[in-house]
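Colleague: Okay, handing you the structure first.
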Amino acid sequence: MARAIPVRRKILWTALAWTIGILIFFPILWTFLTSFKTEAEAIASPPSFLFFEWTTENYAEVQERSNYFRHFMNSVVISLGSTLAGLVIAVPAAWSMAFSPTRRTKDILMWMLSTKMLPPVGVLVPLYILFRDGGLLDTRTGLVIVLTLINLPIIVWMLYTYFKEIPGEILEAARMDGASLMKEIVYVLTPMAIPGIASTLLLNVILSWNEAFWTLNLTASKAAPLTAFIASYSSPEGLFYAKLSAASTMAIAPIVILGWFSQKQLVRGLTFGAVK
């Protein structure tokens with residue numbers, strides 16, 4: 001039987017969890033509130049929290065100055081495109097490593113993970129030249145390619161972990177029934193790993209949506225996503241905090257809403273196979 005937890009300890013842990021949650025969420029709340037202030041109130045000292053004159057003029061000016069929906073669609077296409085392309089590559093790769101490992105499988109996995117330790121600025125110049133010569137600068141296709149390659153190690157590692165939890169006997173039974181390799185992956189393996197695949201997809205959409213380094217350096221205007229949309233409100237003339245907060249709120253709102261509604265699926269996938 002599970003050991004009973006004292007009520008006092010439950011209250012303590014609940015209060016601690018709420019405190020940590022509020023501390024983590026507070027910068028987002030502050031950005032949201034600042035977006036409804038005037039520029040004078042945004043830089044006022046001491047700052048006002050709730051008692052100020054609320055205004056929506058910042059959102060109107062941001063939309064008038066920048067085409068938000070064009071940046072939004074760029075972010076959607078780039079995030080979903082890079083994630084789906086990564087899944088197409090990573091599912092067969094993770095299958096082979098999980099169910100047909102070789103002596104070099106662990107070495108390959110560690111090598112893939114080590115690529116995430118490389119500072120992006122270290123390969124910026126050669127990648128920029130390749131994109132320039134290949135006509136991929138300031139294009140959605142170019143950003144989909146680079147974000148796919150950047151997030152591919154994470155996708156492979158996560159799927160490899162999920163696939164390792166699936167009994168190999170099930171796949172052997174499918175082979176005995178005459179299933180080809182492609183049918184085995186598509187009709188047997190993939191449905192069983194849907195929680196893991198879904199959490200991998202959600203996590204990589206978030207990573208691609210928030211990617212700023214490559215989107216700022218490889219785009220100008222046509223393929224600029226919401227990260228470039230936010231950066232455009234930091235100018236040599238100074239920081240316009242209210243307008244910057246409005247732009248930031250408009251940029252993070254879609255991904256925050258997505259994370260909120262998919263949190264159960266995300267947690268289920270991230271803990272897939274953790275409890276026996």
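Following the order of the structure tokens, first chain is A, next is B, and so on, with residues numbered from 1 inside each chain and ligands from 1 in the order they appear.
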Could you pull out the alpha helix (DSSP H) residues of stretch 16-257 of chain A from DSSP and send them as a PyMOL selection string?

Modeller: chain A and resi 16-34+39-42+57-65+68-99+105-114+124-133+140-164+168-176+181-183+190-192+194-210+213-218+226-231+241-257

Colleague: Find the residues around A:Leu226 up to 8 Å (only C-alpha atoms counted), leave out those fewer than 5 positions away in its own chain, and share them as a ChimeraX atom specification.

Modeller: /A:68,71-72,74-75,209,251

Colleague: Would you kindly return, as a PyMOL selection string, each protein, DNA or RNA residue with an atom no farther than 10 Å from any atom of stretch 231-234 of chain A, considering only C-alpha atoms and excluding same-chain residues fewer than 3 positions away?

Modeller: chain A and resi 62+66+212+216+226-228+237-248

Colleague: Convert the current residue selection to file output with all heavy atoms, as a compact mmCIF listing (two decimals), in the first residue's frame.

Modeller:
```
# COMPACT_ATOMS: atom_id res chain seq x y z
N VAL A 62 1.20 48.56 -33.42
CA VAL A 62 2.02 47.43 -33.86
C VAL A 62 1.47 46.82 -35.14
O VAL A 62 2.22 46.54 -36.08
CB VAL A 62 2.10 46.36 -32.73
CG1 VAL A 62 2.64 45.04 -33.27
CG2 VAL A 62 2.98 46.86 -31.60
N SER A 66 3.54 46.86 -38.57
CA SER A 66 4.02 45.56 -39.04
C SER A 66 2.84 44.67 -39.41
O SER A 66 1.78 44.74 -38.79
CB SER A 66 4.86 44.87 -37.95
OG SER A 66 5.90 45.70 -37.49
N ALA A 212 15.47 32.09 -32.36
CA ALA A 212 15.72 33.49 -32.72
C ALA A 212 17.02 33.68 -33.48
O ALA A 212 17.09 34.49 -34.40
CB ALA A 212 15.74 34.36 -31.45
N LEU A 216 16.84 35.39 -37.19
CA LEU A 216 17.27 36.78 -37.31
C LEU A 216 18.42 36.94 -38.29
O LEU A 216 18.58 37.99 -38.91
CB LEU A 216 17.68 37.33 -35.93
CG LEU A 216 16.56 37.50 -34.91
CD1 LEU A 216 17.12 37.98 -33.58
CD2 LEU A 216 15.50 38.46 -35.42
N LEU A 226 7.87 35.43 -36.21
CA LEU A 226 7.50 36.32 -35.11
C LEU A 226 8.69 36.73 -34.25
O LEU A 226 8.64 37.76 -33.59
CB LEU A 226 6.43 35.66 -34.24
CG LEU A 226 5.04 35.57 -34.89
CD1 LEU A 226 4.10 34.72 -34.06
CD2 LEU A 226 4.46 36.96 -35.09
N THR A 227 9.77 35.94 -34.23
CA THR A 227 10.96 36.36 -33.49
C THR A 227 11.55 37.62 -34.10
O THR A 227 12.00 38.53 -33.39
CB THR A 227 12.00 35.24 -33.48
OG1 THR A 227 12.16 34.72 -34.81
CG2 THR A 227 11.58 34.11 -32.55
N ALA A 228 11.57 37.69 -35.44
CA ALA A 228 12.03 38.91 -36.11
C ALA A 228 11.03 40.04 -35.92
O ALA A 228 11.42 41.22 -35.84
CB ALA A 228 12.25 38.63 -37.59
N GLU A 237 17.01 54.10 -31.77
CA GLU A 237 16.44 55.24 -31.05
C GLU A 237 16.09 54.91 -29.61
O GLU A 237 15.86 55.79 -28.80
CB GLU A 237 15.18 55.74 -31.77
CG GLU A 237 15.44 56.41 -33.10
CD GLU A 237 15.68 55.41 -34.22
OE1 GLU A 237 15.40 54.21 -33.98
OE2 GLU A 237 16.16 55.80 -35.28
N GLY A 238 16.07 53.62 -29.28
CA GLY A 238 15.75 53.23 -27.91
C GLY A 238 14.73 52.11 -27.89
O GLY A 238 14.24 51.66 -28.94
N LEU A 239 14.44 51.64 -26.71
CA LEU A 239 13.45 50.58 -26.53
C LEU A 239 12.10 51.19 -26.20
O LEU A 239 11.98 51.97 -25.26
CB LEU A 239 13.89 49.64 -25.41
CG LEU A 239 15.06 48.71 -25.72
CD1 LEU A 239 15.46 47.96 -24.46
CD2 LEU A 239 14.71 47.73 -26.82
N PHE A 240 11.11 50.85 -26.98
CA PHE A 240 9.75 51.29 -26.72
C PHE A 240 9.04 50.14 -25.99
O PHE A 240 8.50 49.23 -26.61
CB PHE A 240 9.05 51.66 -28.02
CG PHE A 240 9.72 52.77 -28.76
CD1 PHE A 240 10.66 52.50 -29.75
CD2 PHE A 240 9.46 54.09 -28.43
CE1 PHE A 240 11.29 53.53 -30.42
CE2 PHE A 240 10.09 55.14 -29.09
CZ PHE A 240 11.01 54.86 -30.10
N TYR A 241 9.09 50.20 -24.65
CA TYR A 241 8.70 49.05 -23.85
C TYR A 241 7.24 48.64 -24.04
O TYR A 241 6.93 47.45 -24.10
CB TYR A 241 8.97 49.34 -22.37
CG TYR A 241 10.43 49.37 -22.03
CD1 TYR A 241 11.08 50.57 -21.79
CD2 TYR A 241 11.17 48.19 -21.96
CE1 TYR A 241 12.44 50.60 -21.49
CE2 TYR A 241 12.52 48.21 -21.67
CZ TYR A 241 13.15 49.42 -21.43
OH TYR A 241 14.49 49.44 -21.15
N ALA A 242 6.36 49.60 -24.14
CA ALA A 242 4.94 49.27 -24.28
C ALA A 242 4.67 48.58 -25.62
O ALA A 242 3.99 47.55 -25.68
CB ALA A 242 4.09 50.53 -24.15
N LYS A 243 5.23 49.12 -26.70
CA LYS A 243 5.03 48.52 -28.01
C LYS A 243 5.77 47.19 -28.11
O LYS A 243 5.28 46.24 -28.73
CB LYS A 243 5.49 49.48 -29.11
CG LYS A 243 4.69 50.78 -29.18
CD LYS A 243 5.21 51.69 -30.26
CE LYS A 243 4.43 53.00 -30.29
NZ LYS A 243 4.52 53.73 -29.01
N LEU A 244 6.95 47.12 -27.51
CA LEU A 244 7.70 45.86 -27.50
C LEU A 244 6.93 44.79 -26.73
O LEU A 244 6.89 43.62 -27.14
CB LEU A 244 9.07 46.08 -26.88
CG LEU A 244 10.01 44.87 -26.82
CD1 LEU A 244 10.32 44.36 -28.22
CD2 LEU A 244 11.31 45.25 -26.10
N SER A 245 6.29 45.18 -25.64
CA SER A 245 5.49 44.23 -24.87
C SER A 245 4.27 43.78 -25.65
O SER A 245 3.89 42.60 -25.60
CB SER A 245 5.06 44.86 -23.55
OG SER A 245 6.18 45.17 -22.75
N ALA A 246 3.65 44.69 -26.38
CA ALA A 246 2.49 44.33 -27.21
C ALA A 246 2.91 43.34 -28.30
O ALA A 246 2.23 42.34 -28.55
CB ALA A 246 1.86 45.57 -27.82
N ALA A 247 4.04 43.62 -28.96
CA ALA A 247 4.53 42.71 -30.00
C ALA A 247 4.89 41.35 -29.41
O ALA A 247 4.60 40.30 -30.00
CB ALA A 247 5.74 43.33 -30.69
N SER A 248 5.50 41.35 -28.23
CA SER A 248 5.87 40.09 -27.58
C SER A 248 4.64 39.28 -27.19
O SER A 248 4.60 38.05 -27.35
CB SER A 248 6.73 40.37 -26.34
OG SER A 248 7.92 41.04 -26.68
```

Colleague: With distances taken over only C-alpha atoms, which residue among A:Leu258, A:Ile24, A:Val88, A:Leu12 lies nearest A:Ile206?

Modeller: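 Smallest separation from A:Ile206 among the options: A:Leu258.
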